[in-house]
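**Student:** Pasting a structure below so you can have a look.
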Amino acid sequence: AAERGVYNFAAGPATLPLSVLQKAQAELVDYRGSGMSIMEMSHRGKEFDAAIKKAEADLRALLAVSDTYEVLFLLGGATTQFAAVPLNLCASPSDPADFLVSGSWSDKAFKEAKKFSAASVAWSGKEEGKYTSLPPFDAIKQNPEASFLHICSNETIHGVEFKGYPEPKNKSGILAADMSSNFYSKPVDVSRFGVIYAGAQKNVGPSGVTIAIVRKDLIGNAQPITPVMLDFKTHADNASLYNTPPCFAIYICGLVFENLLAQGGLAEVERKNAHKAGILYDTIDASGGYYICPVETSVRSLMNVPFTLANGGDFEKQFIAEAAKEGVGVKVTPTGSR
Ligand code: PLP
């Protein structure tokens, strides 16, 4: 957002490309000669139908998502998927599920899943290093009877990111991932996953839409208690139009996908992200302990760079105040809260 004189370092909602905002602005009142705004149009009309289909096609092209997966545009945020995943993948609330708890988001997913499955912690990074590392994958205690292994591919608050993915060693061989904060930040082999979900607002659009990429054979087995809106089948059978979807948010995501393709795709996006994150990590590491990033080097996130100041509280307040004067928005997590 340098073009706009601000540097948005907050984790999200994130800065969108200026060209995307300008295109949306130009089309806001009169969408492509229709005389209406896209946010005023029927979600079953031809204009929105074309917009959602194009968004899905570009999303699929960027990650090479095969036809064996459904792409669902959902409401309720990634937080709602914390319940939807066990409701759709477990036969009953007594069915076991494994959770790798690498930070506060996967901990929230685990706690919610306990209501709808016999969820257990296959590994936790809390005691080991206050969520600053990931385990060697053979140290994950997987239950062979589990219905899935759940990970958070990038812990937004703790800055821990998977660079490879564990092999699910459960009865169905399913890996499920909350990718909210590194979705579309780099290429990912979708075929490794049964379910990927992400709130759009971190990397691909405004808040209001959650995207799920679900292997087709996993759809249609939801627990009988599953609310209709949380059943993947409801949305798969109705092309994400069972009820009124977040039309404007989906339209903006579509513009972002076009932009990502025009940038050269996700390999190029990853290269840029590595470059930007590298500038921050290099500065932190070269500061002689003035700035501290607690995360183990091998799992440092390219999306979220947590750091503290060696001298703590007062220096951090001063840092934030001076950063604001330079147009730098910084997400503040009080020291000691991790
Ligand atoms: N998971 C991760 C990794 C997140 O960063 C967030 C952030 O907000 C969430 C889940 C919750 O997403 P939502 O606000 O879309 O429910």
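By order in the structure tokens, chains are A, B, ...; within a chain, residues start at 1; ligands start at 1, following the order shown.
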Within 6 Å of region 185-189 of chain A, counting only C-alpha atoms, which residues qualify if same-chain residues fewer than 3 places away don't, as a ChimeraX atom specification?
**Tutor:** /A:182,192,266-267,270
**Student:** Give me, as a ChimeraX atom specification, the set of residues whose atoms come within 9 Å of any atom of ligand 1, counting only C-alpha atoms and all ligand atoms.
**Tutor:** /A:11-13,75-82,103-106,108-109,152-157,178-182,197-202,207-210
**Student:** Selected residues, N, CA and C atoms, written as a JSON list (two decimals), in the first residue's frame, please.
**Tutor:**
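So the final result, stored in out-v5.json, reads:
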```
[["chain", "number", "residue", "atom", "x", "y", "z"],
["A", 11, "ALA", "N", -2.16, -8.09, 10.31],
["A", 11, "ALA", "CA", -2.32, -9.44, 9.75],
["A", 11, "ALA", "C", -3.55, -9.55, 8.86],
["A", 12, "GLY", "N", -4.49, -8.71, 9.06],
["A", 12, "GLY", "CA", -5.68, -8.76, 8.22],
["A", 12, "GLY", "C", -6.85, -8.09, 8.92],
["A", 13, "PRO", "N", -7.86, -7.67, 8.19],
["A", 13, "PRO", "CA", -7.93, -7.69, 6.74],
["A", 13, "PRO", "C", -6.71, -7.01, 6.12],
["A", 75, "LEU", "N", -20.03, -18.67, 4.11],
["A", 75, "LEU", "CA", -20.14, -17.58, 5.08],
["A", 75, "LEU", "C", -19.68, -18.07, 6.46],
["A", 76, "GLY", "N", -19.43, -17.16, 7.35],
["A", 76, "GLY", "CA", -19.17, -17.55, 8.74],
["A", 76, "GLY", "C", -17.71, -17.53, 9.15],
["A", 77, "GLY", "N", -16.82, -17.20, 8.23],
["A", 77, "GLY", "CA", -15.41, -17.11, 8.61],
["A", 77, "GLY", "C", -14.78, -18.48, 8.79],
["A", 78, "ALA", "N", -13.47, -18.48, 8.88],
["A", 78, "ALA", "CA", -12.75, -19.73, 9.13],
["A", 78, "ALA", "C", -13.19, -20.33, 10.46],
["A", 79, "THR", "N", -13.61, -19.47, 11.38],
["A", 79, "THR", "CA", -14.03, -19.93, 12.70],
["A", 79, "THR", "C", -15.19, -20.93, 12.59],
["A", 80, "THR", "N", -16.10, -20.70, 11.64],
["A", 80, "THR", "CA", -17.22, -21.62, 11.46],
["A", 80, "THR", "C", -16.73, -22.98, 10.95],
["A", 81, "GLN", "N", -15.64, -22.96, 10.19],
["A", 81, "GLN", "CA", -15.10, -24.23, 9.68],
["A", 81, "GLN", "C", -14.50, -25.08, 10.81],
["A", 82, "PHE", "N", -14.15, -24.43, 11.93],
["A", 82, "PHE", "CA", -13.64, -25.22, 13.06],
["A", 82, "PHE", "C", -14.70, -26.26, 13.49],
["A", 103, "GLY", "N", -0.28, -23.20, 17.69],
["A", 103, "GLY", "CA", -0.48, -21.79, 18.00],
["A", 103, "GLY", "C", -1.93, -21.57, 18.39],
["A", 104, "SER", "N", -2.30, -20.31, 18.57],
["A", 104, "SER", "CA", -3.62, -20.05, 19.13],
["A", 104, "SER", "C", -4.76, -20.41, 18.17],
["A", 105, "TRP", "N", -4.51, -20.36, 16.84],
["A", 105, "TRP", "CA", -5.62, -20.68, 15.92],
["A", 105, "TRP", "C", -5.90, -22.17, 15.89],
["A", 106, "SER", "N", -4.84, -22.98, 15.84],
["A", 106, "SER", "CA", -5.12, -24.43, 15.84],
["A", 106, "SER", "C", -5.66, -24.87, 17.20],
["A", 108, "LYS", "N", -7.76, -23.05, 18.94],
["A", 108, "LYS", "CA", -9.21, -22.73, 18.85],
["A", 108, "LYS", "C", -9.94, -23.78, 18.02],
["A", 109, "ALA", "N", -9.32, -24.21, 16.93],
["A", 109, "ALA", "CA", -9.94, -25.24, 16.08],
["A", 109, "ALA", "C", -10.13, -26.52, 16.88],
["A", 152, "CYS", "N", -2.89, -26.08, 11.23],
["A", 152, "CYS", "CA", -3.03, -24.69, 10.77],
["A", 152, "CYS", "C", -1.73, -24.39, 10.02],
["A", 153, "SER", "N", -1.83, -24.21, 8.72],
["A", 153, "SER", "CA", -0.60, -24.12, 7.90],
["A", 153, "SER", "C", 0.24, -22.90, 8.22],
["A", 154, "ASN", "N", -0.39, -21.89, 8.79],
["A", 154, "ASN", "CA", 0.35, -20.67, 9.17],
["A", 154, "ASN", "C", -0.35, -20.05, 10.38],
["A", 155, "GLU", "N", 0.34, -20.06, 11.49],
["A", 155, "GLU", "CA", -0.24, -19.48, 12.71],
["A", 155, "GLU", "C", -0.05, -17.97, 12.68],
["A", 156, "THR", "N", -1.14, -17.27, 12.48],
["A", 156, "THR", "CA", -1.09, -15.84, 12.23],
["A", 156, "THR", "C", -0.47, -15.06, 13.39],
["A", 157, "ILE", "N", -0.81, -15.41, 14.60],
["A", 157, "ILE", "CA", -0.33, -14.65, 15.75],
["A", 157, "ILE", "C", 1.09, -15.08, 16.12],
["A", 178, "ASP", "N", -6.35, -25.44, 8.06],
["A", 178, "ASP", "CA", -6.76, -24.03, 8.10],
["A", 178, "ASP", "C", -5.62, -23.25, 7.45],
["A", 179, "MET", "N", -5.87, -22.75, 6.25],
["A", 179, "MET", "CA", -4.83, -21.99, 5.53],
["A", 179, "MET", "C", -5.15, -20.50, 5.51],
["A", 180, "SER", "N", -5.97, -20.05, 6.45],
["A", 180, "SER", "CA", -6.45, -18.66, 6.38],
["A", 180, "SER", "C", -5.36, -17.64, 6.09],
["A", 181, "SER", "N", -4.23, -17.76, 6.79],
["A", 181, "SER", "CA", -3.29, -16.65, 6.67],
["A", 181, "SER", "C", -2.12, -16.90, 5.72],
["A", 182, "ASN", "N", -2.09, -18.06, 5.04],
["A", 182, "ASN", "CA", -1.11, -18.14, 3.93],
["A", 182, "ASN", "C", -1.74, -18.69, 2.64],
["A", 197, "TYR", "N", -9.32, -24.87, 4.10],
["A", 197, "TYR", "CA", -10.26, -23.75, 4.23],
["A", 197, "TYR", "C", -9.52, -22.50, 4.65],
["A", 198, "ALA", "N", -10.13, -21.36, 4.32],
["A", 198, "ALA", "CA", -9.47, -20.09, 4.62],
["A", 198, "ALA", "C", -10.47, -18.95, 4.60],
["A", 199, "GLY", "N", -10.42, -18.12, 5.62],
["A", 199, "GLY", "CA", -11.13, -16.84, 5.56],
["A", 199, "GLY", "C", -10.41, -16.01, 4.50],
["A", 200, "ALA", "N", -11.17, -15.38, 3.60],
["A", 200, "ALA", "CA", -10.53, -14.71, 2.45],
["A", 200, "ALA", "C", -9.74, -13.46, 2.84],
["A", 201, "GLN", "N", -10.08, -12.89, 3.98],
["A", 201, "GLN", "CA", -9.63, -11.52, 4.26],
["A", 201, "GLN", "C", -8.13, -11.34, 4.50],
["A", 202, "LYS", "N", -7.42, -12.43, 4.68],
["A", 202, "LYS", "CA", -5.98, -12.26, 4.90],
["A", 202, "LYS", "C", -5.24, -11.99, 3.59],
["A", 207, "SER", "N", -13.20, -9.31, 4.06],
["A", 207, "SER", "CA", -13.83, -10.26, 4.97],
["A", 207, "SER", "C", -15.24, -10.56, 4.46],
["A", 208, "GLY", "N", -15.80, -11.66, 4.91],
["A", 208, "GLY", "CA", -17.18, -11.98, 4.53],
["A", 208, "GLY", "C", -17.30, -13.26, 3.75],
["A", 209, "VAL", "N", -16.23, -13.68, 3.10],
["A", 209, "VAL", "CA", -16.30, -14.96, 2.39],
["A", 209, "VAL", "C", -15.19, -15.88, 2.90],
["A", 210, "THR", "N", -15.54, -17.14, 3.05],
["A", 210, "THR", "CA", -14.59, -18.18, 3.45],
["A", 210, "THR", "C", -14.55, -19.18, 2.31]]
```
**Student:** In Å, rounded to a single decimal, give me how far CA of Ala274 (chain A) is from CA of Glu161 (chain A).
**Tutor:**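 According to the coordinates, CA of Glu161 (chain A) and CA of Ala274 (chain A) are separated by 12.6 Å.
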**Student:** Which residue is closest to Tyr184 (chain A)? Choose from A:Lys126, A:Arg60, A:Lys141, A:Lys171 and count only C-alpha atoms.
**Tutor:**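 Residue with the minimum atom-to-atom distance to Tyr184 (chain A): A:Arg60.
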**Student:** Going by DSSP on the backbone, which residues of region 55-281 of chain A come out as strand (DSSP E or B)? List them as a PyMOL selection string.
**Tutor:** chain A and resi 69-74+96-101+118-124+149-152+154-155+160-161+175-178+195-199+210-215
**Student:** For Val214 (chain A), please output as a PyMOL selection string all residues within 9 Å (counting only C-alpha atoms; exclusion window: fewer than 2 positions along the same chain).
**Tutor:** chain A and resi 68-72+193-197+212+216-219+232
**Student:** Could you jot down the CA of His150 (chain A) to CA of Glu127 (chain A) separation for me, Å, one decimal place?
**Tutor:**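 Taking CA of His150 (chain A) as the start and CA of Glu127 (chain A) as the end point, the length is 19.2 Å.
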**Student:** Tell me, in Å to one decimal, how far CA of Arg44 (chain A) is from CA of Asp237 (chain A).
**Tutor:**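 Taking CA of Arg44 (chain A) as the start and CA of Asp237 (chain A) as the end point, the length is 14.9 Å.
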**Student:** List as a ChimeraX atom specification the protein and nucleic acid residues near Pro224 (chain A), meaning an atom at most 9 Å away when only C-alpha atoms are counted, but skip any in the same chain fewer than 3 places from it.
**Tutor:** /A:87,91-92,221,227
**Student:** Just the residues within 9 Å of Ala51 (chain A), please, counting only C-alpha atoms, with nothing from its chain fewer than 3 positions along; format it as a PyMOL selection string.
**Tutor:** chain A and resi 46-48+54-56+250-251+254
**Student:** Could you take the residues named above and write them with C-alpha atoms, as a PDB file, in the first residue's frame?
**Tutor:**
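Resulting contents of result.pdb:
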```
ATOM      1  CA  LYS A  46     -26.245 -13.756 -15.316  1.00  0.00           C
ATOM      2  CA  GLU A  47     -23.744 -11.088 -14.213  1.00  0.00           C
ATOM      3  CA  PHE A  48     -23.065 -12.584 -10.788  1.00  0.00           C
ATOM      4  CA  LYS A  54     -14.702 -16.774 -13.273  1.00  0.00           C
ATOM      5  CA  ALA A  55     -13.521 -16.440  -9.659  1.00  0.00           C
ATOM      6  CA  GLU A  56     -13.663 -20.211  -9.228  1.00  0.00           C
ATOM      7  CA  ILE A 250     -16.689 -13.056  -3.967  1.00  0.00           C
ATOM      8  CA  TYR A 251     -16.505 -10.516  -6.793  1.00  0.00           C
ATOM      9  CA  GLY A 254     -12.267 -12.766  -8.354  1.00  0.00           C
TER      10      GLY A 254
END
```
**Student:** Could you check which of A:Glu27, A:Glu167, A:Glu40, A:Glu258 is closest to Leu59 (chain A), using only C-alpha atoms?
**Tutor:** A:Glu258
**Student:** Counting only C-alpha atoms, figure out which residue out of A:Ala122, A:Val204, A:Val85, A:Ile211 gets nearest to Ile174 (chain A).
**Tutor:**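 So, comparing all the options, the nearest one is A:Val85.
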**Student:** Counting only C-alpha atoms, which residue out of A:Ala249, A:Ile213, A:Ile279, A:Leu255 sits closest to Ala236 (chain A)?
**Tutor:** A:Ile213
